[in-house]
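Peer 1: Input structure: input36.txt, which contains compact mmCIF, C-alpha atoms and all ligand atoms.
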# COMPACT_ATOMS: atom_id res chain seq x y z
CA MET A 15 15.80 2.19 35.26
CA ASN A 16 18.55 2.72 32.70
CA ASN A 17 17.63 5.61 30.44
CA GLN A 18 20.81 5.83 28.38
CA PHE A 19 20.97 3.84 25.16
CA ASP A 20 22.95 3.63 21.98
CA VAL A 21 19.74 3.65 19.97
CA ALA A 22 16.15 4.76 20.58
CA VAL A 23 13.65 3.46 18.04
CA ILE A 24 10.31 5.31 18.05
CA GLY A 25 7.47 3.15 16.71
CA ALA A 26 7.31 -0.62 17.35
CA GLY A 27 5.62 -1.56 14.09
CA ALA A 28 7.08 -3.60 11.25
CA ALA A 29 10.09 -1.39 10.49
CA GLY A 30 10.80 -0.40 14.09
CA MET A 31 10.86 -3.96 15.46
CA MET A 32 13.06 -5.16 12.61
CA CYS A 33 15.51 -2.30 13.11
CA ALA A 34 15.63 -2.72 16.90
CA ALA A 35 16.24 -6.49 16.58
CA VAL A 36 19.09 -6.04 14.08
CA ALA A 37 20.77 -3.26 16.09
CA GLY A 38 20.34 -5.19 19.37
CA GLN A 39 21.80 -8.36 17.89
CA ARG A 40 24.83 -6.31 16.81
CA GLY A 41 25.41 -5.54 20.48
CA ARG A 42 23.89 -2.07 20.57
CA SER A 43 21.79 -1.12 23.59
CA VAL A 44 18.38 -0.38 22.13
CA VAL A 45 15.11 0.98 23.51
CA LEU A 46 11.92 0.54 21.50
CA ILE A 47 9.16 3.04 22.27
CA ASP A 48 5.51 2.93 21.15
CA HIS A 49 2.46 4.82 22.36
CA ALA A 50 0.01 2.03 21.47
CA THR A 51 -1.39 -0.42 24.00
CA ARG A 52 -1.38 -3.36 21.55
CA LEU A 53 1.79 -4.28 19.72
CA ALA A 54 2.02 -3.95 15.92
CA GLU A 55 -1.69 -3.62 15.23
CA LYS A 56 -1.09 -3.04 11.51
CA ILE A 57 0.71 -6.33 11.13
CA ARG A 58 -2.14 -8.02 13.03
CA ILE A 59 -4.86 -6.73 10.66
CA SER A 60 -2.78 -7.04 7.50
CA GLY A 61 -3.57 -9.41 4.68
CA GLY A 62 -6.99 -10.17 6.16
CA GLY A 63 -5.29 -11.41 9.36
CA ARG A 64 -2.76 -13.59 7.49
CA CYS A 65 -0.17 -10.87 6.72
CA ASN A 66 1.07 -10.68 3.15
CA PHE A 67 4.57 -10.37 4.58
CA THR A 68 6.58 -9.98 1.37
CA ASN A 69 6.55 -10.30 -2.39
CA LEU A 70 9.09 -12.47 -4.19
CA GLN A 71 9.25 -10.00 -7.07
CA ALA A 72 9.93 -6.92 -4.91
CA GLY A 73 12.20 -4.43 -6.64
CA PRO A 74 12.37 -0.66 -7.15
CA GLN A 75 9.81 -0.97 -9.99
CA ASN A 76 7.13 -1.80 -7.40
CA TYR A 77 7.46 1.42 -5.42
CA VAL A 78 6.15 4.96 -5.85
CA SER A 79 8.56 7.70 -4.80
CA GLN A 80 9.82 11.03 -6.08
CA ASN A 81 13.16 9.26 -6.29
CA PRO A 82 12.36 5.74 -7.55
CA HIS A 83 15.98 4.56 -7.22
CA PHE A 84 16.30 5.39 -3.52
CA CYS A 85 14.92 2.06 -2.29
CA ARG A 86 17.22 -0.06 -4.49
CA SER A 87 20.12 -0.30 -2.05
CA ALA A 88 18.09 -1.38 1.00
CA LEU A 89 15.92 -3.80 -1.03
CA SER A 90 18.96 -5.50 -2.50
CA ARG A 91 20.76 -5.79 0.83
CA TYR A 92 17.78 -7.38 2.57
CA THR A 93 15.57 -9.17 0.07
CA ALA A 94 12.24 -11.00 0.12
CA GLN A 95 14.26 -14.25 0.25
CA ASP A 96 16.09 -13.02 3.36
CA PHE A 97 12.80 -12.37 5.15
CA LEU A 98 11.44 -15.70 3.95
CA ALA A 99 14.51 -17.43 5.41
CA LEU A 100 13.67 -15.83 8.77
CA VAL A 101 10.05 -16.99 8.51
CA LYS A 102 11.27 -20.52 7.72
CA ARG A 103 13.68 -20.45 10.65
CA TYR A 104 10.70 -19.81 12.94
CA ARG A 105 8.80 -22.65 11.23
CA ILE A 106 5.93 -20.36 10.29
CA GLY A 107 3.76 -21.97 7.61
CA TRP A 108 3.38 -19.82 4.49
CA HIS A 109 2.02 -19.97 0.97
CA GLU A 110 2.24 -18.00 -2.25
CA LYS A 111 -1.15 -16.66 -3.23
CA HIS A 112 -0.91 -14.59 -6.38
CA LYS A 113 1.84 -12.78 -8.28
CA GLY A 114 4.61 -13.57 -5.76
CA GLN A 115 2.59 -12.55 -2.68
CA LEU A 116 3.53 -14.60 0.41
CA PHE A 117 1.05 -15.04 3.28
CA CYS A 118 1.08 -16.87 6.62
CA ASP A 119 -0.91 -20.11 6.54
CA GLN A 120 -2.29 -19.41 9.99
CA SER A 121 -2.06 -15.93 11.44
CA ALA A 122 -0.31 -12.57 11.24
CA GLU A 123 0.28 -12.93 14.99
CA GLN A 124 3.09 -15.36 14.11
CA ILE A 125 5.01 -12.57 12.37
CA ILE A 126 4.56 -10.32 15.42
CA ASP A 127 5.75 -13.12 17.74
CA MET A 128 8.74 -13.75 15.49
CA LEU A 129 9.79 -10.07 15.50
CA LYS A 130 9.29 -9.89 19.26
CA ALA A 131 11.52 -12.96 19.69
CA GLU A 132 14.15 -11.36 17.44
CA CYS A 133 14.03 -8.23 19.63
CA ASP A 134 14.42 -10.42 22.72
CA ALA A 135 17.46 -12.06 21.10
CA GLY A 136 18.90 -8.53 20.79
CA ARG A 137 18.03 -7.72 24.43
CA VAL A 138 15.90 -4.79 23.32
CA SER A 139 14.32 -2.73 26.15
CA TRP A 140 10.66 -1.78 25.75
CA ARG A 141 8.74 1.36 26.68
CA MET A 142 5.13 0.69 25.79
CA PRO A 143 2.65 2.30 26.03
CA CYS A 144 4.80 5.40 26.18
CA LYS A 145 4.40 8.78 24.48
CA VAL A 146 7.33 10.83 23.21
CA ALA A 147 6.57 14.48 23.86
CA ALA A 148 9.74 16.03 22.45
CA VAL A 149 13.06 15.14 20.83
CA GLY A 150 16.03 17.49 21.03
CA ARG A 151 19.75 17.44 20.40
CA GLU A 152 22.09 17.62 23.43
CA GLY A 153 25.74 17.54 22.43
CA GLU A 154 26.47 14.18 20.79
CA HIS A 155 23.17 12.73 21.98
CA TYR A 156 19.43 13.00 21.42
CA ARG A 157 17.22 13.72 24.41
CA LEU A 158 13.74 12.20 24.30
CA GLU A 159 11.16 13.49 26.72
CA THR A 160 8.67 10.70 27.26
CA ASP A 161 5.87 10.13 29.73
CA GLY A 162 8.17 7.51 31.27
CA GLY A 163 10.99 10.04 31.83
CA VAL A 164 13.92 11.37 29.81
CA ILE A 165 15.77 8.96 27.50
CA SER A 166 19.17 9.73 26.06
CA ALA A 167 20.43 8.03 22.90
CA ARG A 168 23.26 8.44 20.42
CA SER A 169 20.99 7.51 17.52
CA VAL A 170 17.25 7.90 17.05
CA VAL A 171 15.33 5.86 14.48
CA VAL A 172 11.89 7.18 13.59
CA ALA A 173 9.58 4.33 12.58
CA THR A 174 6.21 5.86 13.33
CA GLY A 175 4.66 4.90 9.97
CA GLY A 176 2.14 6.89 7.94
CA LEU A 177 -1.24 8.46 8.60
CA SER A 178 -3.56 5.66 7.55
CA ILE A 179 -6.03 4.18 10.04
CA PRO A 180 -5.70 6.79 12.83
CA LYS A 181 -8.00 4.77 15.09
CA ILE A 182 -5.23 2.18 15.61
CA GLY A 183 -2.55 4.71 16.49
CA ALA A 184 -1.27 6.36 13.30
CA THR A 185 0.09 9.86 13.91
CA ASP A 186 2.03 12.55 12.06
CA PHE A 187 4.78 12.39 14.70
CA GLY A 188 7.49 11.36 12.22
CA PHE A 189 6.57 14.13 9.81
CA ARG A 190 6.58 16.77 12.54
CA LEU A 191 9.96 15.56 13.78
CA ALA A 192 11.37 15.68 10.25
CA LYS A 193 10.21 19.29 9.91
CA GLN A 194 11.65 20.17 13.31
CA PHE A 195 15.08 19.05 12.05
CA GLY A 196 14.69 20.98 8.79
CA LEU A 197 13.95 17.99 6.52
CA LYS A 198 11.68 18.36 3.51
CA LEU A 199 8.50 16.32 3.16
CA VAL A 200 6.79 15.06 0.05
CA GLU A 201 3.14 15.92 0.66
CA PRO A 202 1.48 12.91 2.35
CA ARG A 203 -1.65 11.53 0.69
CA PRO A 204 -3.85 8.46 1.24
CA ALA A 205 -2.82 5.58 -1.06
CA LEU A 206 -3.98 2.02 -1.73
CA VAL A 207 -7.41 3.48 -1.07
CA PRO A 208 -10.91 3.13 -2.62
CA LEU A 209 -11.86 6.03 -4.90
CA THR A 210 -15.16 7.91 -4.72
CA PHE A 211 -17.35 9.74 -7.23
CA ASP A 212 -19.83 12.57 -7.28
CA THR A 213 -23.09 11.22 -5.80
CA ALA A 214 -25.29 12.19 -8.77
CA ALA A 215 -22.83 10.87 -11.37
CA TRP A 216 -22.44 7.60 -9.48
CA ALA A 217 -26.18 7.00 -8.95
CA PRO A 218 -26.61 4.75 -12.05
CA PHE A 219 -23.80 2.48 -10.78
CA VAL A 220 -25.02 2.12 -7.18
CA PRO A 221 -27.07 -1.03 -8.03
CA LEU A 222 -23.79 -2.67 -9.17
CA ALA A 223 -22.31 -2.61 -5.62
CA GLY A 224 -20.68 -5.93 -4.72
CA ILE A 225 -19.84 -6.96 -8.30
CA ALA A 226 -16.19 -7.90 -8.96
CA LEU A 227 -14.38 -8.64 -12.22
CA GLU A 228 -10.89 -8.51 -13.71
CA VAL A 229 -10.18 -5.30 -15.63
CA ASP A 230 -7.39 -3.25 -17.12
CA ILE A 231 -7.08 0.12 -15.40
CA GLU A 232 -4.84 3.08 -16.14
CA THR A 233 -4.25 6.71 -15.30
CA GLY A 234 -1.76 9.42 -16.26
CA GLU A 235 -0.11 10.15 -19.56
CA LYS A 236 3.10 9.11 -21.29
CA LYS A 237 5.93 8.87 -18.75
CA SER A 238 3.63 9.14 -15.74
CA LYS A 239 1.20 6.52 -17.04
CA ALA A 240 0.41 3.64 -14.68
CA GLN A 241 -1.54 0.53 -15.62
CA PHE A 242 -2.61 -2.67 -13.89
CA ARG A 243 -4.66 -5.77 -14.66
CA GLU A 244 -6.40 -6.65 -11.42
CA ASP A 245 -9.85 -7.24 -9.92
CA LEU A 246 -12.25 -4.30 -9.69
CA LEU A 247 -15.00 -4.04 -7.07
CA PHE A 248 -18.06 -1.80 -7.40
CA THR A 249 -19.09 -0.21 -4.08
CA HIS A 250 -21.98 2.03 -3.05
CA ARG A 251 -19.77 5.12 -3.13
CA GLY A 252 -17.39 4.26 -5.94
CA LEU A 253 -14.74 1.73 -6.90
CA SER A 254 -12.42 -0.49 -4.90
CA GLY A 255 -10.68 -3.86 -5.23
CA PRO A 256 -7.00 -4.41 -6.04
CA ALA A 257 -7.27 -2.61 -9.42
CA VAL A 258 -8.40 0.64 -7.84
CA LEU A 259 -6.21 0.36 -4.74
CA GLN A 260 -3.17 -0.01 -7.02
CA ILE A 261 -4.11 2.87 -9.33
CA SER A 262 -5.00 5.14 -6.38
CA SER A 263 -1.29 5.44 -5.56
CA PHE A 264 -0.73 7.05 -8.97
CA TRP A 265 -3.99 8.95 -9.41
CA GLU A 266 -3.75 12.76 -9.27
CA PRO A 267 -6.84 14.75 -8.21
CA GLY A 268 -8.80 15.87 -11.29
CA ALA A 269 -7.30 13.16 -13.53
CA SER A 270 -9.43 10.49 -15.17
CA LEU A 271 -9.21 6.70 -14.93
CA ALA A 272 -9.54 4.57 -18.07
CA LEU A 273 -10.98 1.10 -17.52
CA ASP A 274 -11.32 -1.81 -19.89
CA LEU A 275 -14.00 -4.09 -18.46
CA VAL A 276 -13.41 -6.75 -21.14
CA PRO A 277 -9.64 -6.84 -21.61
CA GLU A 278 -8.32 -8.24 -24.89
CA THR A 279 -11.72 -8.30 -26.59
CA ASP A 280 -12.80 -5.57 -28.98
CA VAL A 281 -16.45 -5.68 -27.93
CA ALA A 282 -17.72 -3.29 -30.63
CA SER A 283 -16.17 -5.39 -33.43
CA VAL A 284 -17.56 -8.65 -32.01
CA LEU A 285 -21.03 -7.12 -31.74
CA ILE A 286 -21.00 -5.57 -35.22
CA GLU A 287 -19.52 -8.65 -36.91
CA GLY A 288 -21.97 -10.92 -35.08
CA LYS A 289 -25.03 -8.89 -35.98
CA ALA A 290 -26.04 -11.09 -38.89
CA THR A 291 -25.53 -14.42 -37.16
CA LEU A 292 -26.10 -13.74 -33.46
CA LYS A 293 -29.77 -13.77 -32.61
CA LYS A 294 -29.25 -13.04 -28.90
CA ASN A 295 -30.36 -9.96 -27.03
CA LEU A 296 -27.92 -7.49 -25.53
CA ALA A 297 -28.00 -8.80 -21.95
CA ASN A 298 -27.30 -12.38 -23.07
CA LEU A 299 -24.47 -11.28 -25.27
CA LEU A 300 -22.72 -9.16 -22.67
CA SER A 301 -23.02 -11.88 -20.04
CA GLN A 302 -20.46 -13.97 -21.99
CA TRP A 303 -17.89 -11.42 -20.73
CA LEU A 304 -19.47 -9.89 -17.64
CA PRO A 305 -21.29 -11.17 -14.54
CA ALA A 306 -25.03 -11.25 -15.48
CA ARG A 307 -25.94 -8.56 -12.94
CA LEU A 308 -23.24 -6.26 -14.32
CA ALA A 309 -24.35 -6.89 -17.92
CA GLU A 310 -27.89 -5.82 -17.09
CA GLY A 311 -26.83 -2.94 -14.86
CA TRP A 312 -24.33 -1.69 -17.42
CA LEU A 313 -26.96 -1.59 -20.16
CA ALA A 314 -29.37 0.31 -17.91
CA ALA A 315 -26.67 2.75 -16.76
CA ASN A 316 -25.79 3.49 -20.40
CA GLY A 317 -29.39 3.86 -21.63
CA PHE A 318 -29.77 0.50 -23.44
CA ARG A 319 -32.66 -1.95 -23.05
CA ALA A 320 -31.47 -5.39 -21.95
CA ASP A 321 -33.88 -7.26 -24.26
CA THR A 322 -32.93 -5.43 -27.49
CA ARG A 323 -31.75 -7.87 -30.19
CA ILE A 324 -28.40 -6.79 -31.62
CA ALA A 325 -29.69 -7.50 -35.12
CA ASP A 326 -32.07 -4.55 -34.66
CA MET A 327 -29.39 -2.09 -33.56
CA PRO A 328 -27.44 0.37 -35.74
CA ASP A 329 -23.67 -0.15 -35.85
CA LYS A 330 -23.19 3.27 -34.29
CA GLN A 331 -25.00 2.23 -31.13
CA LEU A 332 -23.16 -1.08 -30.95
CA ARG A 333 -19.90 0.82 -31.28
CA ARG A 334 -20.92 3.17 -28.46
CA LEU A 335 -21.79 0.20 -26.26
CA GLY A 336 -18.53 -1.62 -27.06
CA GLU A 337 -16.48 1.48 -26.37
CA SER A 338 -18.26 2.11 -23.08
CA LEU A 339 -16.95 -1.29 -21.95
CA ASN A 340 -13.46 -1.16 -23.46
CA ARG A 341 -12.81 2.51 -22.73
CA TRP A 342 -14.78 3.53 -19.67
CA SER A 343 -13.43 6.94 -18.66
CA ILE A 344 -14.34 8.35 -15.24
CA VAL A 345 -13.04 11.08 -12.96
CA PRO A 346 -13.04 10.31 -9.22
CA ASN A 347 -13.88 13.23 -6.94
CA GLY A 348 -11.64 11.93 -4.16
CA SER A 349 -10.84 8.90 -2.05
CA GLU A 350 -12.11 7.26 1.12
CA GLY A 351 -9.18 8.97 2.88
CA TYR A 352 -6.90 7.80 5.68
CA ARG A 353 -9.81 6.01 7.39
CA LYS A 354 -9.67 3.34 4.67
CA ALA A 355 -6.22 3.82 3.08
CA GLU A 356 -3.79 0.93 3.54
CA VAL A 357 -0.82 3.26 3.32
CA THR A 358 0.34 6.86 3.06
CA ARG A 359 2.03 8.04 -0.11
CA GLY A 360 4.72 10.72 0.35
CA GLY A 361 6.54 11.37 3.62
CA VAL A 362 10.13 12.27 4.45
CA ASP A 363 11.82 13.31 1.21
CA THR A 364 14.37 10.64 0.28
CA ARG A 365 16.81 13.34 -0.89
CA GLU A 366 17.30 14.13 2.79
CA LEU A 367 18.35 10.54 3.65
CA SER A 368 21.25 8.22 2.94
CA GLN A 369 20.02 5.22 0.97
CA GLN A 370 22.54 2.97 2.75
CA THR A 371 21.79 4.00 6.35
CA MET A 372 18.50 5.94 6.15
CA MET A 373 20.20 8.71 8.17
CA ALA A 374 19.35 12.38 7.60
CA ALA A 375 22.35 14.31 6.30
CA LYS A 376 21.17 17.43 8.16
CA ALA A 377 20.80 15.61 11.49
CA PRO A 378 23.58 13.07 12.14
CA GLY A 379 22.27 10.13 14.17
CA LEU A 380 18.63 10.68 13.15
CA HIS A 381 17.19 7.98 10.85
CA PHE A 382 13.79 7.52 9.22
CA ILE A 383 12.52 4.12 8.07
CA GLY A 384 9.38 2.34 6.85
CA GLU A 385 6.25 4.08 5.72
CA ALA A 386 7.30 7.45 7.19
CA VAL A 387 9.67 7.75 4.20
CA ASP A 388 8.55 8.72 0.69
CA VAL A 389 8.69 5.11 -0.55
CA THR A 390 5.26 3.56 -1.10
CA GLY A 391 4.86 0.00 -2.27
CA TRP A 392 2.23 -1.44 -4.54
CA LEU A 393 -0.41 -3.67 -3.05
CA GLY A 394 0.91 -7.20 -2.52
CA GLY A 395 3.47 -7.43 0.29
CA TYR A 396 5.75 -4.69 -1.03
CA ASN A 397 5.12 -2.31 1.87
CA PHE A 398 6.19 -4.82 4.47
CA GLN A 399 9.27 -5.68 2.41
CA TRP A 400 10.19 -1.98 2.46
CA ALA A 401 9.64 -1.91 6.24
CA TRP A 402 11.96 -4.94 6.70
CA SER A 403 14.64 -3.71 4.24
CA SER A 404 14.76 -0.11 5.49
CA GLY A 405 14.68 -1.38 9.08
CA VAL A 406 17.69 -3.62 8.44
CA ALA A 407 19.55 -0.81 6.63
CA ALA A 408 19.24 1.45 9.67
CA GLY A 409 19.73 -1.40 12.15
CA LEU A 410 23.10 -2.25 10.56
CA SER A 411 24.37 1.31 10.74
CA VAL A 412 23.28 2.70 14.11
P1 LIG B 1 3.59 0.83 11.28
O1 LIG B 1 2.33 1.60 11.04
O2 LIG B 1 3.57 -0.65 11.13
O3 LIG B 1 4.13 1.13 12.74
C1 LIG B 1 4.20 2.43 13.27
C2 LIG B 1 4.21 2.31 14.77
O4 LIG B 1 4.48 3.60 15.28
C3 LIG B 1 2.87 1.88 15.35
O5 LIG B 1 3.06 0.82 16.22
C4 LIG B 1 2.34 3.11 16.05
O6 LIG B 1 1.61 2.82 17.23
C5 LIG B 1 3.65 3.84 16.39
N1 LIG B 1 3.50 5.27 16.55
C6 LIG B 1 2.86 6.14 15.72
N2 LIG B 1 2.95 7.38 16.21
C7 LIG B 1 3.66 7.29 17.37
C8 LIG B 1 4.07 8.23 18.34
N3 LIG B 1 3.77 9.54 18.22
N4 LIG B 1 4.78 7.79 19.41
C9 LIG B 1 5.07 6.47 19.55
N5 LIG B 1 4.70 5.54 18.67
C10 LIG B 1 4.01 5.95 17.59
N6 LIG B 1 1.42 -4.16 3.72
C11 LIG B 1 1.89 -5.31 3.17
O7 LIG B 1 3.02 -5.32 2.69
N7 LIG B 1 1.13 -6.45 3.18
C12 LIG B 1 -0.14 -6.47 3.72
O8 LIG B 1 -0.78 -7.53 3.77
C13 LIG B 1 -0.66 -5.26 4.23
N8 LIG B 1 -1.94 -5.21 4.69
C14 LIG B 1 -2.42 -4.05 5.24
C15 LIG B 1 -3.74 -4.00 5.71
C16 LIG B 1 -4.22 -2.83 6.29
C17 LIG B 1 -5.65 -2.79 6.75
C18 LIG B 1 -3.37 -1.71 6.44
C19 LIG B 1 -3.86 -0.45 7.10
C20 LIG B 1 -2.08 -1.75 5.95
C21 LIG B 1 -1.59 -2.90 5.34
N9 LIG B 1 -0.30 -2.96 4.84
C22 LIG B 1 0.16 -4.13 4.26
C23 LIG B 1 0.63 -1.82 4.95
C24 LIG B 1 1.61 -2.07 6.13
O9 LIG B 1 0.84 -2.41 7.27
C25 LIG B 1 2.45 -0.83 6.41
O10 LIG B 1 3.03 -0.34 5.24
C26 LIG B 1 3.54 -1.17 7.44
O11 LIG B 1 2.94 -1.58 8.63
C27 LIG B 1 4.42 0.04 7.68
O12 LIG B 1 5.34 -0.30 8.68
P2 LIG B 1 5.95 0.83 9.63
O13 LIG B 1 6.71 0.10 10.67
O14 LIG B 1 6.58 1.89 8.85
O15 LIG B 1 4.66 1.50 10.33
Starting from the file, lay out its structure as structure tokens.
Ligand code: FDA
Peer 2:
Amino acid sequence: MNNQFDVAVIGAGAAGMMCAAVAGQRGRSVVLIDHATRLAEKIRISGGGRCNFTNLQAGPQNYVSQNPHFCRSALSRYTAQDFLALVKRYRIGWHEKHKGQLFCDQSAEQIIDMLKAECDAGRVSWRMPCKVAAVGREGEHYRLETDGGVISARSVVVATGGLSIPKIGATDFGFRLAKQFGLKLVEPRPALVPLTFDTAAWAPFVPLAGIALEVDIETGEKKSKAQFREDLLFTHRGLSGPAVLQISSFWEPGASLALDLVPETDVASVLIEGKATLKKNLANLLSQWLPARLAEGWLAANGFRADTRIADMPDKQLRRLGESLNRWSIVPNGSEGYRKAEVTRGGVDTRELSQQTMMAAKAPGLHFIGEAVDVTGWLGGYNFQWAWSSGVAAGLSV
């Protein structure tokens, strides 16, 4: 078996397959190595099995990174429209769901099959399942010790992803390799992840589990402030749903979240102004804005009786109730961790890499792409777009 290649790509996920296909179709001899038994499991489970494969609005503003401009070059060289053109070429049915998010009509498997076919078009060699035990430099080449023997390659592309969902094969291999070659890391942390709260403090909200509603959510101050209007989901242990997944990528331990459960309505003013004319009780009134179960649960959690008539309540109490809905401030005690996180924030420090080629300045021929790099997309197809764009950037340069 030939064990000498121009390029060895480690990790046959979204970024790795894209990179291998592009390099192979440029005539490079490429080997793609993955330790998993099933190909591209994260693509398979993504988007509820339909893969939210890109976002039409994808731009640097949709990514979290210590260097927010780093991703600009790759994203503009290979755009959401470029990936969509590929999807169309393979006649994969797709639809736009919400805010530019594109999904397969049928199955995420179609994206995996498409990338596999692109790799075949580039005559990519596969080693899978195959573990890489060590990577070292040997003259002009890299030497990879794998459980299928030694592989020699002029360039190595590390596409081993982040740490989320270890049970389907996530490892810290890429981060360890980066350290071995003297590259800095931005501390990895779970992101796009549900947030949790102290058990005693959360107890009043446990009965609200399962309720969803659109909210405004924010965290941070001034320049570091992040805000989203998305759906919130109450869970038994805390908060989830797109609103919380989005904000989790910006949340710093110890910081509070501010939520507006009735965006664009000043609840206190409506209640106080309506006191004279509105004969309803509190639960009826709140259910014009909130699901009925949340209205009742919210009143109980905040010490109000559901059947109190607003006409009988002092303005001060109505103001307190209104503010509890428009300015709910809570401090998570943590997150559900990598077990539930969709992605890993942080990773290989972008200051170590070329934004055109994704190559490490300190280790010529060694490239890092995809989620292993400190570029983390918002929820909504942005992470795959980064995988495709960074994969193409490296694939065009190796
Ligand atoms: P990816 O994780 O895809 O691939 C890494 C590969 O490296 C894997 O095949 C793994 O087996 C291999 N590997 C790891 N360690 C190795 C080692 N030591 N040796 C050899 N191989 C190794 N994003 C999005 O844009 N739209 C969406 O709909 C979703 N949905 C979604 C759902 C869920 C449940 C999760 C967990 C994540 C998402 N994502 C998403 C995020 C998206 O899946 C993720 O950002 C990309 O898959 C990252 O692509 P990479 O190729 O960088 O890593």
Peer 1: How close does region 264-377 of chain A get to region 385-391 of chain A? List, as JSON lines, each residue of region 264-377 of chain A within 7 Å, its nearest atom pair and the distance in Å to one decimal, counting only C-alpha atoms.
Peer 2:
{"residue": "A:Arg359", "atom": "CA", "partner": "A:Thr390", "partner_atom": "CA", "distance": 5.6}
{"residue": "A:Gly360", "atom": "CA", "partner": "A:Asp388", "partner_atom": "CA", "distance": 4.3}
{"residue": "A:Gly361", "atom": "CA", "partner": "A:Asp388", "partner_atom": "CA", "distance": 4.4}
{"residue": "A:Val362", "atom": "CA", "partner": "A:Val387", "partner_atom": "CA", "distance": 4.6}
{"residue": "A:Asp363", "atom": "CA", "partner": "A:Asp388", "partner_atom": "CA", "distance": 5.7}
{"residue": "A:Thr364", "atom": "CA", "partner": "A:Asp388", "partner_atom": "CA", "distance": 6.1}
Peer 1: Would you list the contacts of Gly405 (chain A) as a count of residues only, taking every protein, DNA or RNA residue within 7 Å and counting all atoms listed in the file, but skipping same-chain residues closer than 2 positions in sequence?
Peer 2: 12
Peer 1: Just want the 7 Å neighbourhood of Leu259 (chain A), counted on all atoms listed in the file, with same-chain residues fewer than 4 positions away dropped. Output as a list in words.
Peer 2: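 My reading of the contact set: Leu206, Val207, Pro208, Ser254 and Gly255 of chain A.
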Peer 1: Near Arg137 (chain A), counting all atoms listed in the file, which residues have an atom at most 8 Å away, once you skip same-chain residues fewer than 2 positions from it, shown as a compact mmCIF listing (two decimals) with C-alpha atoms, keeping the file's coordinate frame?
Peer 2:
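File produced: around.txt:
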# COMPACT_ATOMS: atom_id res chain seq x y z
CA GLY A 38 20.34 -5.19 19.37
CA GLN A 39 21.80 -8.36 17.89
CA SER A 43 21.79 -1.12 23.59
CA VAL A 44 18.38 -0.38 22.13
CA CYS A 133 14.03 -8.23 19.63
CA ASP A 134 14.42 -10.42 22.72
CA ALA A 135 17.46 -12.06 21.10
CA SER A 139 14.32 -2.73 26.15
Peer 1: Take every atom of ligand LIG 1 (chain B) listed in the file, pad by 8 Å on each side, and give me the axis-aligned box centre and edge lengths in Å, one decimal, as lines of an AutoDock Vina configuration file.
Peer 2:
center_x = 0.5
center_y = 1.0
center_z = 11.1
size_x = 28.4
size_y = 33.1
size_z = 32.9
Peer 1: Distance CA of Glu228 (chain A)-CA of Asp119 (chain A), one decimal place?
Peer 2: 25.4 Å
Peer 1: If I put a ball of radius 10 Å at (-20.6, 2.3, -2.7) in the file's coordinates, which residues poke into it when counting all atoms listed in the file, written as a list in words?
Peer 2: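 Output: Pro208, Leu209, Thr210, Phe211, Thr213, Trp216, Ala217, Phe219, Val220, Pro221, Leu222, Ala223, Gly224, Leu247, Phe248, Thr249, His250, Arg251, Gly252, Leu253 and Ser254 of chain A.
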Peer 1: Quick one: write out the picked residues with C-alpha atoms as an mmCIF file, keeping the file's coordinate frame?
Peer 2:
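Done, and the output landed in out.cif:
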data_model
loop_
_atom_site.group_PDB
_atom_site.id
_atom_site.type_symbol
_atom_site.label_atom_id
_atom_site.label_comp_id
_atom_site.auth_asym_id
_atom_site.auth_seq_id
_atom_site.Cartn_x
_atom_site.Cartn_y
_atom_site.Cartn_z
ATOM 1 C CA PRO A 208 -10.910 3.130 -2.620
ATOM 2 C CA LEU A 209 -11.860 6.030 -4.900
ATOM 3 C CA THR A 210 -15.160 7.910 -4.720
ATOM 4 C CA PHE A 211 -17.350 9.740 -7.230
ATOM 5 C CA THR A 213 -23.090 11.220 -5.800
ATOM 6 C CA TRP A 216 -22.440 7.600 -9.480
ATOM 7 C CA ALA A 217 -26.180 7.000 -8.950
ATOM 8 C CA PHE A 219 -23.800 2.480 -10.780
ATOM 9 C CA VAL A 220 -25.020 2.120 -7.180
ATOM 10 C CA PRO A 221 -27.070 -1.030 -8.030
ATOM 11 C CA LEU A 222 -23.790 -2.670 -9.170
ATOM 12 C CA ALA A 223 -22.310 -2.610 -5.620
ATOM 13 C CA GLY A 224 -20.680 -5.930 -4.720
ATOM 14 C CA LEU A 247 -15.000 -4.040 -7.070
ATOM 15 C CA PHE A 248 -18.060 -1.800 -7.400
ATOM 16 C CA THR A 249 -19.090 -0.210 -4.080
ATOM 17 C CA HIS A 250 -21.980 2.030 -3.050
ATOM 18 C CA ARG A 251 -19.770 5.120 -3.130
ATOM 19 C CA GLY A 252 -17.390 4.260 -5.940
ATOM 20 C CA LEU A 253 -14.740 1.730 -6.900
ATOM 21 C CA SER A 254 -12.420 -0.490 -4.900
#
Peer 1: Report, in Å to a single decimal, how far apart CA of Arg365 (chain A) and CA of Ala377 (chain A) are.
Peer 2: 13.2 Å
Peer 1: So which one's closest to ligand LIG 1 (chain B), A:Gly61, A:Pro180, A:Gly379, A:Pro74? Using only C-alpha atoms and all ligand atoms, please.
Peer 2: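 Closest residue, counting only C-alpha atoms and all ligand atoms: A:Gly61.
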Peer 1: Could you tell me how far CA of His49 (chain A) sits from CA of Arg151 (chain A), in Å to one decimal place?
Peer 2: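 Those two atoms sit 21.5 Å apart.
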